[in-house]
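Structure data (TSV, C-alpha atoms and all ligand atoms) from start-v9.tsv:
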```
chain	number	residue	atom	x	y	z
A	1	MET	CA	56.07	238.62	88.66
A	2	THR	CA	55.56	239.24	84.93
A	3	THR	CA	58.61	238.92	82.73
A	4	ARG	CA	59.42	241.80	80.47
A	5	PRO	CA	59.49	241.08	76.73
A	6	ARG	CA	62.95	240.48	75.30
A	7	VAL	CA	64.00	242.58	72.36
A	8	TYR	CA	67.01	242.28	70.09
A	9	VAL	CA	68.16	245.43	68.28
A	10	THR	CA	70.30	244.85	65.18
A	11	ARG	CA	72.26	248.13	65.18
A	12	ARG	CA	73.23	250.97	67.49
A	13	LEU	CA	70.24	253.31	67.25
A	14	PRO	CA	69.78	256.81	68.69
A	15	GLU	CA	69.53	256.67	72.48
A	16	ALA	CA	66.01	258.15	72.37
A	17	ALA	CA	64.81	255.01	70.59
A	18	LEU	CA	66.70	252.57	72.82
A	19	ALA	CA	65.25	254.32	75.89
A	20	ILE	CA	61.71	253.66	74.64
A	21	VAL	CA	62.50	249.95	74.37
A	22	ARG	CA	64.37	249.77	77.68
A	23	GLN	CA	61.44	251.28	79.55
A	24	ALA	CA	59.24	248.28	78.78
A	25	CYS	CA	61.56	245.48	77.66
A	26	GLU	CA	64.84	243.69	78.23
A	27	LEU	CA	67.10	244.96	75.46
A	28	ARG	CA	70.09	243.37	73.81
A	29	LEU	CA	71.93	245.22	71.08
A	30	TRP	CA	74.35	244.66	68.22
A	31	ASP	CA	76.37	247.64	69.33
A	32	GLU	CA	77.83	248.72	66.00
A	33	GLU	CA	77.09	251.80	63.96
A	34	ALA	CA	78.46	250.89	60.54
A	35	ILE	CA	78.61	247.08	60.52
A	36	ALA	CA	75.50	244.97	59.98
A	37	VAL	CA	74.94	242.16	62.46
A	38	PRO	CA	76.36	238.89	61.06
A	39	ARG	CA	73.64	236.41	60.17
A	40	ALA	CA	74.97	233.78	62.61
A	41	THR	CA	74.88	236.28	65.48
A	42	LEU	CA	71.37	237.36	64.59
A	43	LEU	CA	70.15	233.74	64.49
A	44	ARG	CA	71.71	233.11	67.90
A	45	GLU	CA	70.39	236.28	69.49
A	46	ILE	CA	66.87	235.85	68.14
A	47	ALA	CA	66.46	232.43	69.80
A	48	ASP	CA	64.74	233.80	72.90
A	49	ALA	CA	63.58	237.20	71.61
A	50	ASP	CA	59.94	238.32	71.67
A	51	GLY	CA	60.65	241.33	69.49
A	52	LEU	CA	63.17	242.43	66.87
A	53	LEU	CA	64.09	246.01	66.04
A	54	SER	CA	65.85	245.79	62.69
A	55	LEU	CA	67.04	247.65	59.60
A	56	LEU	CA	66.73	247.21	55.85
A	57	THR	CA	70.16	245.55	55.88
A	58	ASP	CA	68.72	242.57	57.81
A	59	ARG	CA	67.07	239.75	55.85
A	60	ILE	CA	63.95	238.68	57.71
A	61	ASP	CA	62.83	235.38	56.21
A	62	ALA	CA	61.55	231.91	57.06
A	63	GLY	CA	65.06	230.81	58.09
A	64	LEU	CA	65.21	233.54	60.69
A	65	LEU	CA	61.71	232.71	61.91
A	66	ASP	CA	62.74	229.06	62.33
A	67	ALA	CA	65.39	230.26	64.77
A	68	ALA	CA	62.94	232.50	66.65
A	69	PRO	CA	60.19	230.45	68.27
A	70	ARG	CA	59.11	233.25	70.65
A	71	LEU	CA	59.12	236.08	68.13
A	72	ARG	CA	55.89	238.12	68.09
A	73	ALA	CA	56.82	241.36	66.38
A	74	VAL	CA	59.43	242.84	64.04
A	75	ALA	CA	59.81	246.61	63.77
A	76	THR	CA	61.81	247.82	60.80
A	77	VAL	CA	63.36	251.29	60.83
A	78	ALA	CA	62.23	252.09	57.27
A	79	VAL	CA	59.10	252.59	55.21
A	80	GLY	CA	60.13	250.01	52.57
A	81	TYR	CA	60.16	246.38	53.69
A	82	ASP	CA	61.29	244.44	50.63
A	83	ASN	CA	63.93	242.79	52.87
A	84	VAL	CA	61.13	241.08	54.81
A	85	ASP	CA	59.20	237.98	53.77
A	86	VAL	CA	55.83	239.31	54.92
A	87	PRO	CA	53.79	236.18	54.05
A	88	ALA	CA	56.25	234.08	56.13
A	89	LEU	CA	55.75	236.42	59.10
A	90	SER	CA	51.97	236.42	58.67
A	91	ALA	CA	51.89	232.63	58.47
A	92	ARG	CA	53.46	232.54	61.94
A	93	ARG	CA	51.40	235.42	63.26
A	94	VAL	CA	54.39	237.68	63.66
A	95	LEU	CA	53.52	241.36	63.26
A	96	LEU	CA	55.64	243.61	61.04
A	97	THR	CA	55.68	247.37	61.56
A	98	ASN	CA	57.34	250.15	59.53
A	99	THR	CA	57.84	253.92	59.69
A	100	PRO	CA	55.76	255.58	56.96
A	101	GLY	CA	55.33	259.34	56.87
A	102	VAL	CA	58.15	260.48	59.13
A	103	LEU	CA	60.70	260.31	56.30
A	104	THR	CA	58.49	261.60	53.50
A	105	GLU	CA	59.67	265.21	53.27
A	106	THR	CA	63.32	264.37	53.94
A	107	THR	CA	63.39	261.76	51.18
A	108	ALA	CA	61.60	264.14	48.80
A	109	ASP	CA	64.31	266.71	49.59
A	110	LEU	CA	66.98	264.24	48.47
A	111	ALA	CA	65.08	263.37	45.29
A	112	TRP	CA	64.95	267.09	44.58
A	113	ALA	CA	68.63	267.56	45.36
A	114	LEU	CA	69.54	264.73	42.94
A	115	MET	CA	67.34	266.23	40.23
A	116	MET	CA	68.97	269.62	40.62
A	117	ALA	CA	72.46	268.16	40.87
A	118	GLY	CA	71.96	266.16	37.67
A	119	ALA	CA	70.33	269.01	35.77
A	120	ARG	CA	73.09	271.48	36.62
A	121	ARG	CA	75.97	268.97	36.60
A	122	LEU	CA	77.06	269.87	40.11
A	123	VAL	CA	79.20	266.81	40.78
A	124	GLU	CA	80.88	267.05	37.38
A	125	GLY	CA	81.66	270.69	38.11
A	126	GLN	CA	83.25	269.83	41.45
A	127	ARG	CA	85.32	267.07	39.84
A	128	LEU	CA	86.43	269.39	37.07
A	129	ILE	CA	87.62	272.07	39.49
A	130	SER	CA	89.37	269.50	41.69
A	131	ALA	CA	91.18	268.20	38.60
A	132	GLY	CA	92.39	271.73	37.76
A	133	GLN	CA	90.45	271.75	34.49
A	134	TRP	CA	88.54	275.03	34.86
A	135	THR	CA	90.40	277.26	32.47
A	136	SER	CA	87.89	279.95	31.48
A	137	TRP	CA	84.25	281.03	31.59
A	138	SER	CA	82.94	280.22	28.16
A	139	PRO	CA	79.48	280.46	26.64
A	140	MET	CA	78.56	276.78	26.46
A	141	PHE	CA	80.86	275.50	29.20
A	142	MET	CA	79.15	273.05	31.61
A	143	VAL	CA	75.68	273.84	30.30
A	144	GLY	CA	72.92	271.68	31.76
A	145	GLN	CA	69.12	271.54	31.73
A	146	ASP	CA	66.54	273.89	33.22
A	147	VAL	CA	64.50	272.41	36.03
A	148	HIS	CA	62.00	275.27	36.19
A	149	GLY	CA	59.30	274.97	33.57
A	150	ALA	CA	60.36	271.42	32.61
A	151	THR	CA	58.18	268.29	32.65
A	152	LEU	CA	58.51	266.05	35.68
A	153	GLY	CA	57.39	262.42	35.56
A	154	ILE	CA	56.95	260.71	38.93
A	155	VAL	CA	56.76	256.93	38.86
A	156	GLY	CA	55.15	255.94	42.16
A	157	ALA	CA	53.46	259.09	43.39
A	158	GLY	CA	52.53	258.01	46.89
A	159	ARG	CA	53.60	259.83	50.05
A	160	ILE	CA	57.12	260.72	48.88
A	161	GLY	CA	56.25	261.12	45.19
A	162	SER	CA	53.46	263.53	46.13
A	163	ALA	CA	55.90	265.53	48.25
A	164	VAL	CA	58.16	265.76	45.18
A	165	ALA	CA	55.16	266.98	43.15
A	166	ARG	CA	54.54	269.74	45.71
A	167	ARG	CA	58.13	270.90	45.30
A	168	ALA	CA	57.69	270.90	41.51
A	169	GLN	CA	54.86	273.42	41.79
A	170	GLY	CA	57.34	275.98	43.11
A	171	PHE	CA	59.43	275.40	39.97
A	172	ALA	CA	56.44	275.86	37.62
A	173	MET	CA	56.89	272.34	36.26
A	174	ARG	CA	54.36	270.31	34.34
A	175	ILE	CA	53.78	267.24	36.48
A	176	ALA	CA	52.89	263.77	35.25
A	177	TYR	CA	52.72	260.64	37.39
A	178	HIS	CA	52.26	256.93	36.95
A	179	ASN	CA	50.65	254.77	39.63
A	180	ARG	CA	48.53	251.67	39.16
A	181	ARG	CA	45.53	253.75	40.21
A	182	PRO	CA	44.90	257.47	39.68
A	183	ALA	CA	45.39	259.71	42.71
A	184	PRO	CA	42.64	262.38	42.52
A	185	GLU	CA	43.87	264.22	45.63
A	186	LEU	CA	47.33	264.63	44.13
A	187	GLU	CA	45.81	265.84	40.88
A	188	ALA	CA	43.62	268.38	42.68
A	189	ALA	CA	46.50	269.63	44.84
A	190	THR	CA	49.22	269.89	42.17
A	191	GLY	CA	47.61	269.64	38.73
A	192	ALA	CA	49.54	266.41	38.12
A	193	ARG	CA	48.28	264.23	35.24
A	194	HIS	CA	48.00	260.45	35.46
A	195	GLN	CA	49.76	258.84	32.48
A	196	PRO	CA	50.61	255.38	31.19
A	197	LEU	CA	54.25	254.62	31.96
A	198	ASP	CA	55.46	254.70	28.35
A	199	GLN	CA	53.93	258.10	27.70
A	200	LEU	CA	55.41	259.51	30.90
A	201	LEU	CA	58.87	258.18	30.00
A	202	ALA	CA	58.68	259.62	26.48
A	203	GLU	CA	57.49	263.08	27.54
A	204	SER	CA	59.35	263.80	30.80
A	205	ASP	CA	62.53	265.84	31.18
A	206	PHE	CA	62.99	264.47	34.70
A	207	ILE	CA	61.88	261.01	35.77
A	208	VAL	CA	61.82	260.36	39.50
A	209	VAL	CA	61.21	256.79	40.68
A	210	LEU	CA	59.50	256.25	44.03
A	211	VAL	CA	57.70	252.90	43.73
A	212	PRO	CA	58.21	250.28	46.43
A	213	LEU	CA	60.25	247.23	45.38
A	214	SER	CA	57.84	244.37	44.69
A	215	ALA	CA	57.52	241.43	42.31
A	216	GLU	CA	55.80	243.87	39.95
A	217	THR	CA	58.38	246.65	40.10
A	218	ARG	CA	61.58	244.55	40.12
A	219	GLY	CA	63.37	245.32	36.86
A	220	MET	CA	60.70	247.90	35.91
A	221	PHE	CA	63.38	250.03	34.17
A	222	GLY	CA	65.32	248.17	31.51
A	223	THR	CA	66.55	248.61	27.93
A	224	ARG	CA	63.05	249.20	26.52
A	225	GLU	CA	62.13	251.85	29.10
A	226	PHE	CA	65.41	253.76	28.78
A	227	ALA	CA	65.06	253.77	24.98
A	228	LEU	CA	61.73	255.59	25.37
A	229	MET	CA	63.30	258.47	27.30
A	230	LYS	CA	64.40	261.80	25.84
A	231	PRO	CA	68.13	262.04	25.15
A	232	ASP	CA	68.53	264.88	27.65
A	233	ALA	CA	66.26	263.38	30.32
A	234	THR	CA	67.54	263.00	33.86
A	235	PHE	CA	66.63	259.70	35.55
A	236	VAL	CA	66.48	259.78	39.35
A	237	ASN	CA	66.07	256.65	41.48
A	238	VAL	CA	65.39	257.07	45.18
A	239	SER	CA	63.24	253.93	45.59
A	240	ARG	CA	65.16	250.64	45.66
A	241	GLY	CA	68.01	249.52	43.43
A	242	PRO	CA	66.48	246.35	41.94
A	243	VAL	CA	63.70	248.42	40.35
A	244	VAL	CA	66.40	249.26	37.78
A	245	ASP	CA	68.38	246.91	35.56
A	246	GLU	CA	71.78	248.52	36.15
A	247	ALA	CA	73.50	246.85	33.19
A	248	ALA	CA	70.77	248.26	30.94
A	249	LEU	CA	71.10	251.70	32.56
A	250	TYR	CA	74.86	251.65	32.03
A	251	ALA	CA	74.43	250.84	28.33
A	252	ALA	CA	71.66	253.43	27.98
A	253	LEU	CA	73.71	256.21	29.57
A	254	ARG	CA	76.66	255.39	27.34
A	255	ALA	CA	74.34	255.64	24.38
A	256	GLY	CA	73.09	258.99	25.69
A	257	ARG	CA	69.46	258.15	26.49
A	258	PRO	CA	68.71	259.14	29.20
A	259	GLY	CA	71.31	261.89	29.37
A	260	TYR	CA	71.88	261.69	33.09
A	261	ALA	CA	71.20	259.43	36.06
A	262	ALA	CA	71.22	260.38	39.72
A	263	LEU	CA	70.99	257.39	42.03
A	264	ASP	CA	70.56	256.90	45.75
A	265	VAL	CA	69.97	253.15	45.61
A	266	PHE	CA	71.61	250.20	43.86
A	267	GLU	CA	70.98	246.57	42.98
A	268	ARG	CA	73.60	245.56	45.56
A	269	GLU	CA	74.47	247.84	48.43
A	270	PRO	CA	77.00	249.05	49.26
A	271	ILE	CA	78.28	249.39	45.69
A	272	GLY	CA	82.05	249.30	45.31
A	273	ALA	CA	84.23	252.09	43.93
A	274	ASP	CA	84.74	249.88	40.87
A	275	HIS	CA	81.03	249.85	39.94
A	276	PRO	CA	80.75	250.44	36.15
A	277	LEU	CA	78.18	253.23	36.60
A	278	LEU	CA	80.78	255.27	38.49
A	279	THR	CA	83.01	255.36	35.42
A	280	LEU	CA	80.43	257.47	33.57
A	281	PRO	CA	80.58	261.28	33.76
A	282	ASN	CA	76.78	261.52	33.52
A	283	VAL	CA	76.08	259.61	36.76
A	284	ILE	CA	75.69	260.92	40.28
A	285	ALA	CA	75.70	258.27	42.98
A	286	VAL	CA	75.07	258.76	46.68
A	287	PRO	CA	75.04	256.01	49.35
A	288	HIS	CA	71.33	255.41	50.10
A	289	ILE	CA	70.87	258.61	52.10
A	290	GLY	CA	67.26	259.42	51.22
A	291	SER	CA	66.12	259.70	54.82
A	292	ALA	CA	69.51	260.57	56.28
A	293	THR	CA	69.06	263.70	58.36
A	294	VAL	CA	69.65	263.77	62.10
A	295	ALA	CA	66.04	264.65	62.85
A	296	THR	CA	64.48	262.11	60.49
A	297	ARG	CA	66.71	259.17	61.31
A	298	THR	CA	66.08	259.85	65.02
A	299	ARG	CA	62.33	260.03	64.41
A	300	MET	CA	62.36	256.83	62.35
A	301	ALA	CA	64.13	254.98	65.16
A	302	THR	CA	61.76	256.29	67.85
A	303	VAL	CA	58.68	255.49	65.72
A	304	ALA	CA	59.98	251.95	65.15
A	305	ALA	CA	60.70	251.53	68.88
A	306	THR	CA	57.22	252.81	69.74
A	307	ASN	CA	55.65	250.38	67.25
A	308	LEU	CA	57.55	247.48	68.77
A	309	VAL	CA	56.83	248.28	72.40
A	310	ALA	CA	53.13	248.80	71.60
A	311	ALA	CA	53.01	245.40	69.87
A	312	LEU	CA	54.74	243.61	72.73
A	313	THR	CA	52.70	245.24	75.49
A	314	GLY	CA	49.26	244.87	73.92
A	315	GLN	CA	48.75	248.54	73.00
A	316	PRO	CA	47.37	249.79	69.67
A	317	VAL	CA	50.22	249.63	67.15
A	318	PRO	CA	50.71	252.88	65.16
A	319	HIS	CA	52.09	251.43	61.90
A	320	PRO	CA	51.33	247.74	61.37
A	321	VAL	CA	52.14	246.29	57.92
A	322	ASN	CA	50.27	242.96	58.29
A	323	PRO	CA	47.67	243.63	60.99
A	324	GLU	CA	45.34	240.96	59.58
A	325	ALA	CA	47.88	238.27	60.40
A	326	TRP	CA	48.12	239.12	64.05
A	401	LIG	P1	53.82	254.85	49.19
A	401	LIG	O1	53.12	256.02	49.81
A	401	LIG	O2	53.28	253.48	49.38
A	401	LIG	O3	53.93	255.17	47.61
A	401	LIG	C1	54.26	254.22	46.66
A	401	LIG	C2	53.55	254.57	45.35
A	401	LIG	O4	53.95	253.66	44.34
A	401	LIG	C3	52.03	254.51	45.44
A	401	LIG	O5	51.51	255.70	44.95
A	401	LIG	C4	51.64	253.34	44.54
A	401	LIG	O6	50.43	253.65	43.88
A	401	LIG	C5	52.81	253.28	43.56
A	401	LIG	N1	53.05	251.93	43.05
A	401	LIG	C6	53.19	250.78	43.76
A	401	LIG	N2	53.38	249.75	42.92
A	401	LIG	C7	53.36	250.26	41.67
A	401	LIG	C8	53.48	249.69	40.38
A	401	LIG	N3	53.65	248.37	40.20
A	401	LIG	N4	53.42	250.51	39.32
A	401	LIG	C9	53.23	251.83	39.46
A	401	LIG	N5	53.09	252.44	40.66
A	401	LIG	C10	53.15	251.65	41.75
A	401	LIG	O7	55.34	254.78	49.66
A	401	LIG	P2	56.33	255.99	50.06
A	401	LIG	O8	56.28	256.22	51.52
A	401	LIG	O9	56.11	257.13	49.11
A	401	LIG	O10	57.73	255.26	49.74
A	401	LIG	C11	58.00	254.76	48.46
A	401	LIG	C12	59.25	253.92	48.45
A	401	LIG	O11	60.38	254.75	48.52
A	401	LIG	C13	59.43	252.95	49.61
A	401	LIG	O12	58.73	251.74	49.40
A	401	LIG	C14	60.91	252.75	49.68
A	401	LIG	O13	61.29	251.61	48.94
A	401	LIG	C15	61.46	253.99	49.02
A	401	LIG	N6	62.19	254.83	49.99
A	401	LIG	C16	63.52	255.04	49.79
A	401	LIG	C17	64.23	255.84	50.67
A	401	LIG	C18	65.69	256.09	50.47
A	401	LIG	O14	66.39	256.30	51.44
A	401	LIG	N7	66.17	256.11	49.25
A	401	LIG	C19	63.58	256.43	51.77
A	401	LIG	C20	62.23	256.20	51.92
A	401	LIG	C21	61.54	255.39	51.03
A	401	LIG	P3	49.41	252.47	43.41
A	401	LIG	O15	49.23	251.57	44.61
A	401	LIG	O16	48.17	253.18	42.95
A	401	LIG	O17	50.11	251.79	42.28
```

Any chance you could give the structure as C-alpha cells?
Amino acid sequence: MTTRPRVYVTRRLPEAALAIVRQACELRLWDEEAIAVPRATLLREIADADGLLSLLTDRIDAGLLDAAPRLRAVATVAVGYDNVDVPALSARRVLLTNTPGVLTETTADLAWALMMAGARRLVEGQRLISAGQWTSWSPMFMVGQDVHGATLGIVGAGRIGSAVARRAQGFAMRIAYHNRRPAPELEAATGARHQPLDQLLAESDFIVVLVPLSAETRGMFGTREFALMKPDATFVNVSRGPVVDEAALYAALRAGRPGYAALDVFEREPIGADHPLLTLPNVIAVPHIGSATVATRTRMATVAATNLVAALTGQPVPHPVNPEAW
C-alpha cells in the first residue's frame, strides 16, 4: 500500500482547490478565513507534511524548513513570493510554485481603478458628500486630472504592467516603462517607450509600480524619487509595500509632489486606521485587493493546488519557481 502525501493548507481556500488536494493527498487545514495560522501551529503541523499550500501571509524560511524534515514542495497562492526564502528552499531541494498569469488582468484592473480614482478624486468626493459638505456645483470644485491623453509611466512592465499598458491604449495615453531590460514585444504592441527611471518619473502624469519586491527594488521609491515627480502626478503602487519608503511618501505628499497616491500595498500589512498616510486627503488606500475577484482568487487557489499535487505525485509541475533545485 502506498501512502498518500500529506499536505498542510494554511488557510480556508475555495472548495474547488481543496478538492484537488484531497483527491491525491491527505489534507489538514487551518480552517480560518481571516486569521493567519499562528507560527507555532504552522511549525507543529508542518512536522510530518510532504507539501504546504500557503499564502503570502506565511513566512517560509529556514526556521520553518528545520521543522519540516519531509517537506518536498511549497505552493504559494500568489505570483509574488518575497515572503519565501527561495535559496533556503533550493538548498534543501524543496520546490516552490506560484500562480503567474491567472491574476494578471484582474490586478491590472485594480491598478486602473486606483489610477482613475486618484485622478478624479473619487474617494475624496464620497467623503465630502458623507460629511455633508457638498453645497453647490461650482466651476473648479473637486477638479482632478485627465487620464485620457496623459503620460503613463509603468515601473515593472511585465505581465501585469503590460496589461496596464494595453488598457492605456484605449485612453490614448503616451506610455513609458522602466524595466532592467527593454521589452520589444510590449513596445511593438502598445508603442510604449523604454526609459531610465529618473526620466520616467519626471515626465509621467501617472506612475504605476508593478515590480516584484527584491533586494534591488526594496526602497526603490524614496525622497529623491518623489522629488523628481510632477506636482500633479498620481503615484499608484500595486506591487509590494516595501518597494516604497512610506515615511518619505508621507512627507512628499504633504509637500505636494506627487499630488496623489493610490495604494494597494503597504510596508506592514494590515495597516492600522491610525496610519499617517490615511490622515492625508490626497491618499487612497485599499487593503491589498489586487487579485481579489471571486473568479481570480478561485483560479489562483486551484492553480496552486494543481501545482502542489503535480509536484507531490511526480507529474510535470505547471509553475515551478526554482525547478533547478529540485
Ligand atoms: P513579472 O511578469 O515578473 O513582471 C515584473 C516586471 O518587473 C518585469 O518586467 C521585470 O523586468 C521588472 N523588474 C524586476 N526587477 C526590476 C528592477 N529592479 N527594476 C526595474 N524593473 C524590474 O510579474 P507580474 O506577474 O507582472 O507581477 C509583478 C508583481 O506584482 C508581483 O511580483 C507581485 O509582487 C505584485 N502583485 C501584486 C498583486 C496585488 O494584489 N497587489 C497581485 C499580483 C501581483 P526586468 O526583469 O527586465 O527588469

Shell around Gly219 in chain A at 6 Å using only C-alpha atoms, local window under 6 positions removed, as an MDAnalysis selection string: chainID A and resid 243:245

At a cut-off of 6 Å, can you tabulate as a Markdown table every residue of chain A near ligand LIG 401 (chain A) together with its closest atom pair and the distance in Å to one decimal, using all atoms listed in the file and ordering rows by chain then number?
```
| residue | atom | partner | partner_atom | distance |
| --- | --- | --- | --- | --- |
| A:Val79 | CA | A:LIG401 | C21 | 5.6 |
| A:Gly80 | CA | A:LIG401 | O12 | 3.9 |
| A:Pro100 | CA | A:LIG401 | O8 | 5.5 |
| A:Thr107 | CA | A:LIG401 | C19 | 5.4 |
| A:Gly156 | CA | A:LIG401 | O4 | 3.4 |
| A:Ala157 | CA | A:LIG401 | O5 | 4.2 |
| A:Gly158 | CA | A:LIG401 | O5 | 3.2 |
| A:Arg159 | CA | A:LIG401 | O9 | 3.8 |
| A:Ile160 | CA | A:LIG401 | O9 | 3.7 |
| A:Gly161 | CA | A:LIG401 | O9 | 5.6 |
| A:His178 | CA | A:LIG401 | C9 | 5.8 |
| A:Asn179 | CA | A:LIG401 | N5 | 3.5 |
| A:Arg180 | CA | A:LIG401 | O17 | 3.5 |
| A:Arg181 | CA | A:LIG401 | O16 | 3.8 |
| A:Leu210 | CA | A:LIG401 | O11 | 4.8 |
| A:Val211 | CA | A:LIG401 | O4 | 3.9 |
| A:Pro212 | CA | A:LIG401 | O12 | 3.4 |
| A:Leu213 | CA | A:LIG401 | O13 | 5.7 |
| A:Glu216 | CA | A:LIG401 | N3 | 5.0 |
| A:Thr217 | CA | A:LIG401 | N3 | 5.0 |
| A:Val238 | CA | A:LIG401 | N7 | 4.3 |
| A:Ser239 | CA | A:LIG401 | C15 | 3.9 |
| A:Arg240 | CA | A:LIG401 | O13 | 5.2 |
| A:Asp264 | CA | A:LIG401 | N7 | 5.7 |
| A:His288 | CA | A:LIG401 | O14 | 5.2 |
| A:Ile289 | CA | A:LIG401 | O14 | 5.1 |
| A:Gly290 | CA | A:LIG401 | O14 | 3.2 |
| A:Ser291 | CA | A:LIG401 | O14 | 4.8 |
```

Atomic distance CA of Ala248 in chain A - CA of Asp205 in chain A, expressed in Å with one decimal: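 These atoms are spaced 19.4 Å apart.
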
Need the neighbours of (73.1, 252.0, 44.3): which residues are at most 8 Å away, counting only C-alpha atoms, as a ChimeraX atom specification? /A:241,263-271,285-288

For CA of Val147 in chain A and CA of Gly256 in chain A, determine how far apart the two atoms are, in Å to one decimal place.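 For CA of Val147 in chain A relative to CA of Gly256 in chain A, the distance reads 19.0 Å.
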